[in-house]
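Shown here: final.cif, mmCIF, C-alpha atoms.
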```
data_data
loop_
_atom_site.group_PDB
_atom_site.id
_atom_site.type_symbol
_atom_site.label_atom_id
_atom_site.label_comp_id
_atom_site.auth_asym_id
_atom_site.auth_seq_id
_atom_site.Cartn_x
_atom_site.Cartn_y
_atom_site.Cartn_z
ATOM 1 C CA MET A 484 41.253 55.885 1.078
ATOM 2 C CA ASP A 485 44.556 55.080 2.865
ATOM 3 C CA ASN A 486 45.490 58.760 2.881
ATOM 4 C CA TRP A 487 42.199 59.657 4.577
ATOM 5 C CA ASN A 488 42.939 57.005 7.208
ATOM 6 C CA ASN A 489 46.277 58.697 7.883
ATOM 7 C CA ILE A 490 44.464 61.925 8.756
ATOM 8 C CA LEU A 491 41.077 60.824 10.115
ATOM 9 C CA ASP A 492 42.088 57.749 12.129
ATOM 10 C CA GLU A 493 43.202 59.159 15.489
ATOM 11 C CA ASP A 494 45.618 56.313 16.280
ATOM 12 C CA ILE A 495 47.330 56.471 12.885
ATOM 13 C CA LEU A 496 47.515 60.260 13.011
ATOM 14 C CA LYS A 497 49.025 60.251 16.529
ATOM 15 C CA THR A 498 51.565 57.614 15.497
ATOM 16 C CA ASN A 499 52.592 59.660 12.456
ATOM 17 C CA VAL A 500 52.789 62.930 14.405
ATOM 18 C CA ASN A 501 54.865 61.203 17.084
ATOM 19 C CA PHE A 502 57.166 59.659 14.504
ATOM 20 C CA ALA A 503 57.693 62.995 12.760
ATOM 21 C CA ALA A 504 58.376 64.700 16.085
ATOM 22 C CA MET A 505 60.861 62.023 17.189
ATOM 23 C CA PHE A 506 62.673 62.028 13.863
ATOM 24 C CA VAL A 507 63.129 65.802 13.993
ATOM 25 C CA LEU A 508 63.980 65.822 17.724
ATOM 26 C CA TYR A 509 66.713 63.205 17.342
ATOM 27 C CA TYR A 510 68.082 64.870 14.241
ATOM 28 C CA GLU A 511 68.293 68.284 15.920
ATOM 29 C CA CYS A 512 69.964 66.815 19.013
ATOM 30 C CA LEU A 513 72.434 64.872 16.866
ATOM 31 C CA LYS A 514 73.179 67.955 14.765
ATOM 32 C CA ASP A 515 73.853 69.993 17.926
ATOM 33 C CA PHE A 516 76.089 67.209 19.257
ATOM 34 C CA ILE A 517 78.039 66.985 15.989
ATOM 35 C CA ILE A 518 78.638 70.732 15.833
ATOM 36 C CA ASN A 519 79.116 71.547 19.513
ATOM 37 C CA GLN A 520 81.318 68.719 20.766
ATOM 38 C CA PRO A 521 84.356 69.636 18.621
ATOM 39 C CA ARG A 522 83.707 73.369 19.131
ATOM 40 C CA VAL A 523 83.714 72.975 22.925
ATOM 41 C CA PHE A 524 86.676 70.580 22.801
ATOM 42 C CA TYR A 525 88.872 73.124 20.996
ATOM 43 C CA SER A 526 87.520 76.197 22.757
ATOM 44 C CA ASN A 527 89.856 78.072 25.084
ATOM 45 C CA SER A 528 87.458 80.831 26.121
ATOM 46 C CA ILE A 529 83.857 81.030 27.197
ATOM 47 C CA LYS A 530 81.503 83.963 27.532
ATOM 48 C CA PHE A 531 77.934 84.302 28.706
ATOM 49 C CA THR A 532 75.329 86.149 26.659
ATOM 50 C CA ASP A 533 71.642 86.260 27.610
ATOM 51 C CA ASP A 534 72.034 83.259 29.930
ATOM 52 C CA LYS A 535 73.684 81.249 27.133
ATOM 53 C CA ILE A 536 77.187 79.844 27.196
ATOM 54 C CA ILE A 537 79.123 80.867 24.089
ATOM 55 C CA TYR A 538 82.260 78.895 23.315
ATOM 56 C CA GLU A 539 84.556 81.077 21.269
ATOM 57 C CA GLU A 540 86.146 79.350 18.308
ATOM 58 C CA SER A 541 89.884 78.973 18.721
ATOM 59 C CA GLN A 542 92.341 79.175 15.843
ATOM 60 C CA LYS A 543 93.006 75.460 16.270
ATOM 61 C CA TYR A 544 89.284 74.747 15.914
ATOM 62 C CA LYS A 545 89.127 76.860 12.761
ATOM 63 C CA LYS A 546 92.121 74.986 11.348
ATOM 64 C CA GLU A 547 91.164 71.457 12.478
ATOM 65 C CA VAL A 548 87.383 71.587 11.975
ATOM 66 C CA ARG A 549 86.053 74.684 10.193
ATOM 67 C CA ALA A 550 88.554 74.365 7.338
ATOM 68 C CA LEU A 551 87.166 70.926 6.389
ATOM 69 C CA ASP A 552 83.985 72.270 4.758
ATOM 70 C CA LYS A 553 82.087 75.545 4.300
ATOM 71 C CA ASN A 554 79.050 73.989 6.011
ATOM 72 C CA ILE A 555 79.797 73.675 9.751
ATOM 73 C CA GLU A 556 77.690 70.527 10.055
ATOM 74 C CA ASN A 557 79.619 68.805 7.264
ATOM 75 C CA ALA A 558 82.942 70.125 8.566
ATOM 76 C CA SER A 559 82.216 68.662 11.990
ATOM 77 C CA LEU A 560 81.156 65.333 10.476
ATOM 78 C CA LYS A 561 84.401 65.229 8.476
ATOM 79 C CA TRP A 562 86.338 65.880 11.683
ATOM 80 C CA PHE A 563 84.614 62.882 13.258
ATOM 81 C CA ILE A 564 85.544 60.792 10.181
ATOM 82 C CA GLN A 565 89.195 61.841 10.527
ATOM 83 C CA ALA A 566 89.032 60.861 14.195
ATOM 84 C CA GLU A 567 87.634 57.458 13.115
ATOM 85 C CA ALA A 568 84.485 57.963 15.174
ATOM 86 C CA ILE A 569 82.293 57.442 12.100
ATOM 87 C CA THR A 570 82.765 56.227 8.538
ATOM 88 C CA GLN A 571 82.160 57.778 5.141
ATOM 89 C CA GLU A 572 79.084 55.554 4.922
ATOM 90 C CA ASP A 573 77.768 57.136 8.156
ATOM 91 C CA TYR A 574 78.429 60.564 6.639
ATOM 92 C CA ASP A 575 76.484 59.653 3.490
ATOM 93 C CA THR A 576 73.638 58.213 5.561
ATOM 94 C CA TYR A 577 73.552 61.393 7.635
ATOM 95 C CA GLN A 578 73.070 63.416 4.439
ATOM 96 C CA CYS A 579 70.014 61.266 3.602
ATOM 97 C CA ILE A 580 68.718 61.755 7.141
ATOM 98 C CA ARG A 581 69.186 65.525 6.845
ATOM 99 C CA LYS A 582 67.328 65.595 3.532
ATOM 100 C CA ARG A 583 64.444 63.568 4.996
ATOM 101 C CA ARG A 584 64.314 65.790 8.091
ATOM 102 C CA ASN A 585 64.048 68.860 5.865
ATOM 103 C CA ASP A 586 61.255 67.231 3.875
ATOM 104 C CA ILE A 587 59.366 66.307 7.052
ATOM 105 C CA ILE A 588 59.640 69.854 8.413
ATOM 106 C CA HIS A 589 58.828 71.722 5.211
ATOM 107 C CA GLU A 590 56.107 69.343 4.018
ATOM 108 C CA ILE A 591 54.619 68.233 7.340
ATOM 109 C CA LEU A 592 50.984 68.083 6.210
ATOM 110 C CA LYS A 593 51.921 66.185 3.058
ATOM 111 C CA ASN A 594 53.955 63.722 5.143
ATOM 112 C CA LEU A 595 51.126 63.231 7.634
ATOM 113 C CA ASN A 596 48.739 62.697 4.745
ATOM 114 C CA ASP A 597 51.053 60.206 2.994
ATOM 115 C CA GLY A 598 52.147 58.509 6.197
ATOM 116 C CA PHE A 599 55.588 57.145 6.949
ATOM 117 C CA THR A 600 57.125 54.051 5.402
ATOM 118 C CA GLU A 601 59.467 51.247 6.369
ATOM 119 C CA LYS A 602 62.204 53.240 4.652
ATOM 120 C CA ASP A 603 61.531 56.101 7.077
ATOM 121 C CA ALA A 604 61.676 53.720 10.037
ATOM 122 C CA GLU A 605 64.959 52.322 8.695
ATOM 123 C CA LEU A 606 66.365 55.841 8.323
ATOM 124 C CA PHE A 607 65.285 56.648 11.887
ATOM 125 C CA SER A 608 67.070 53.490 13.115
ATOM 126 C CA LYS A 609 70.219 54.615 11.303
ATOM 127 C CA LEU A 610 69.874 58.042 12.913
ATOM 128 C CA LEU A 611 69.759 56.368 16.337
ATOM 129 C CA LEU A 612 72.795 54.234 15.478
ATOM 130 C CA ILE A 613 74.889 57.208 14.350
ATOM 131 C CA TYR A 614 73.925 59.134 17.475
ATOM 132 C CA SER A 615 74.805 56.170 19.713
ATOM 133 C CA LYS A 616 78.082 55.566 17.882
ATOM 134 C CA LEU A 617 79.209 59.187 18.276
ATOM 135 C CA ASP A 618 78.027 59.424 21.874
ATOM 136 C CA LYS A 619 79.915 56.274 22.919
ATOM 137 C CA TRP A 620 83.012 57.313 20.986
ATOM 138 C CA TRP A 621 83.020 60.749 22.608
ATOM 139 C CA ILE A 622 82.775 59.314 26.118
ATOM 140 C CA ASN A 623 85.338 56.544 25.545
ATOM 141 C CA GLU A 624 87.874 58.459 23.441
ATOM 142 C CA ILE A 625 87.571 62.040 24.713
ATOM 143 C CA GLU A 626 85.882 62.345 28.109
ATOM 144 C CA ILE A 627 87.436 59.366 29.884
ATOM 145 C CA PRO A 628 91.026 60.039 28.736
ATOM 146 C CA ILE A 629 90.703 63.748 29.632
ATOM 147 C CA ALA A 630 89.330 62.868 33.089
ATOM 148 C CA GLY A 631 92.489 60.830 33.713
ATOM 149 C CA GLU A 632 90.779 58.539 36.190
ATOM 150 C CA ASP A 633 91.302 54.803 36.426
ATOM 151 C CA ILE A 634 88.728 52.810 34.495
ATOM 152 C CA PRO A 635 87.030 50.086 36.558
ATOM 153 C CA GLU A 636 87.550 46.515 35.371
ATOM 154 C CA ASN A 637 83.826 46.011 34.785
ATOM 155 C CA TYR A 638 83.491 49.202 32.703
ATOM 156 C CA ASP A 639 81.143 48.595 29.756
ATOM 157 C CA SER A 640 82.397 50.780 26.902
ATOM 158 C CA GLU A 641 79.536 49.610 24.662
ATOM 159 C CA GLY A 642 76.781 50.264 27.211
ATOM 160 C CA VAL A 643 77.833 53.782 28.098
ATOM 161 C CA CYS A 644 75.769 56.817 27.084
ATOM 162 C CA GLY A 645 75.776 60.528 27.804
ATOM 163 C CA GLY A 646 73.069 62.452 29.625
ATOM 164 C CA GLN A 647 71.358 63.789 26.508
ATOM 165 C CA ALA A 648 71.347 60.349 24.881
ATOM 166 C CA PHE A 649 69.851 58.872 28.063
ATOM 167 C CA ILE A 650 67.038 61.450 28.133
ATOM 168 C CA LEU A 651 66.342 60.887 24.428
ATOM 169 C CA SER A 652 66.118 57.126 24.983
ATOM 170 C CA ILE A 653 63.511 57.695 27.714
ATOM 171 C CA ILE A 654 61.506 60.008 25.445
ATOM 172 C CA ASN A 655 61.767 57.451 22.641
ATOM 173 C CA SER A 656 60.525 54.612 24.842
ATOM 174 C CA ILE A 657 57.594 56.705 26.113
ATOM 175 C CA ILE A 658 56.506 58.115 22.742
ATOM 176 C CA LEU A 659 57.255 55.240 20.364
ATOM 177 C CA GLY A 660 57.533 52.314 22.773
ATOM 178 C CA ASN A 661 54.369 52.988 24.812
ATOM 179 C CA LYS A 662 56.297 52.845 28.100
ATOM 180 C CA GLY A 663 54.652 55.964 29.557
ATOM 181 C CA ASP A 664 52.921 54.083 32.377
ATOM 182 C CA GLU A 665 56.214 52.542 33.523
ATOM 183 C CA TYR A 666 57.820 55.971 33.760
ATOM 184 C CA LYS A 667 54.781 57.372 35.574
ATOM 185 C CA GLU A 668 55.254 54.628 38.179
ATOM 186 C CA LEU A 669 58.952 55.443 38.436
ATOM 187 C CA LEU A 670 58.144 59.130 38.879
ATOM 188 C CA LYS A 671 55.582 58.272 41.552
ATOM 189 C CA THR A 672 58.129 56.112 43.401
ATOM 190 C CA LEU A 673 60.787 58.819 43.198
ATOM 191 C CA SER A 674 58.339 61.475 44.396
ATOM 192 C CA GLN A 675 57.499 59.364 47.451
ATOM 193 C CA MET A 676 61.188 58.777 48.203
ATOM 194 C CA TYR A 677 61.980 62.495 48.225
ATOM 195 C CA LYS A 678 59.018 63.763 50.253
#
```

Take the structure in this file and express it as structure tokens.
Amino acid sequence: MDNWNNILDEDILKTNVNFAAMFVLYYECLKDFIINQPRVFYSNSIKFTDDKIIYEESQKYKKEVRALDKNIENASLKWFIQAEAITQEDYDTYQCIRKRRNDIIHEILKNLNDGFTEKDAELFSKLLLIYSKLDKWWINEIEIPIAGEDIPENYDSEGVCGGQAFILSIINSIILGNKGDEYKELLKTLSQMYK
């Protein structure tokens, strides 16, 4: 009977669809971050193809990142481990997250029928933590030093987040935190300010 509730109860179904969507969204954004940040960092030439920016892989990138593993995702993760941005435990957790993401995508109806568990919620929390850890590290250890600007005394290195992480946190709070009405009010206020 529980499985029928997962499909026929509108609230449960919406919660499960939203959870699946958020899990996959965060994973895909984290995967892009993991692969693209080192690639862009080492890139010394850019080209534009079909309105897309293509960062050409430098020899240094191939030596420092690509050579670490045949799988570009794993190679990039290993680069972040070498840079002490994440740990081996984070790497292992990421592999579990990847496996669960693949299962959610390839068996979506089965997952909606079965529902999601506390273990899934825990894995999602770990996904958020790894994303936050890498995002903060990138800003504090790469972007700020490269910018070469003085850091204000009240700078909060733990509270910092990049643009993509900020947008994802808003989406998360709307979809999973039921904060949609608050953001509608904010949007309304902003719209009135810029009339």

- Hits of the PyMOL selection byres ((chain A and resi 625) around 12) in this structure, as an MDAnalysis selection string: chainID A and resid 520:521 523:525 563 566 568 617:624 626:631

Close residues, segment 543-555 of chain A itself excluded, 7 Å, all atoms listed in the file, min 4 positions apart in chain, as a PDB file with C-alpha atoms, keeping the file's coordinate frame:
```
ATOM      1  CA  ILE A 518      78.638  70.732  15.833  1.00  0.00           C
ATOM      2  CA  ARG A 522      83.707  73.369  19.131  1.00  0.00           C
ATOM      3  CA  TYR A 525      88.872  73.124  20.996  1.00  0.00           C
ATOM      4  CA  SER A 559      82.216  68.662  11.990  1.00  0.00           C
ATOM      5  CA  LYS A 561      84.401  65.229   8.476  1.00  0.00           C
ATOM      6  CA  TRP A 562      86.338  65.880  11.683  1.00  0.00           C
TER       7      TRP A 562
END
```

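Using only C-alpha atoms for every distance, the candidate list A:Glu590, A:Glu572, A:Asp597, A:Glu632 yields A:Glu572 as the residue closest to Lys609 of chain A.
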
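Coordinates place atom CA of Gln571 of chain A at a distance of 26.8 Å from atom CA of Phe502 of chain A.
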
- Item | Residues matched by the PyMOL selection byres ((chain A and resi 490) around 10), written as a ChimeraX atom specification | /A:485-489,491-497,499,592,595-598

- What separation in Å, quoted to one decimal, exists between atom CA of Phe531 of chain A and atom CA of Ile654 of chain A?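 For atom CA of Phe531 of chain A relative to atom CA of Ile654 of chain A, the distance reads 29.5 Å.
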
- Considering all atoms listed in the file, state which residue in the set A:Ser674, A:Asn557, A:Ser640, A:Ser541 is at the smallest distance from Arg581 of chain A.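 Using all atoms listed in the file, the shortest distance to Arg581 of chain A belongs to A:Asn557.
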
- Item | Among listed residues A:Arg584, A:Lys593, A:Lys530, A:Lys602, nearest Val507 of chain A (using all atoms listed in the file) | A:Arg584

- Message: Around (74.3, 58.8, 13.5), as given in the file, which residues come within 12 Å? Count all atoms listed in the file and list them as an NGL selection string.
- Response: :A and (509-514 or 516-517 or 560 or 563-564 or 568-581 or 606-620 or 648)

Would you compute, for all listed atoms of segment 495-505 of chain A, the axis-aligned bounding box grown by 6 Å on each side, and then report its centre and edge lengths in Å rounded to one decimal, as lines of an AutoDock Vina configuration file?
```
center_x = 54.1
center_y = 60.6
center_z = 14.8
size_x = 25.5
size_y = 20.2
size_z = 16.7
```

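Pairwise distance (atom CA of Gly642 of chain A, atom CA of Ser656 of chain A) equals 17.0 Å.
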
- Item | Proximity to Gly660 of chain A - best of A:Ser526, A:Gln647, A:Thr600, A:Thr498, all atoms listed in the file |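 Ranking A:Ser526, A:Gln647, A:Thr600, A:Thr498 by distance to Gly660 of chain A, first place goes to A:Thr498.
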
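Minimum distance to Glu665 of chain A across A:Leu508, A:Ile653, A:Ala503, A:Glu556 (counting all atoms listed in the file) occurs at A:Ile653.
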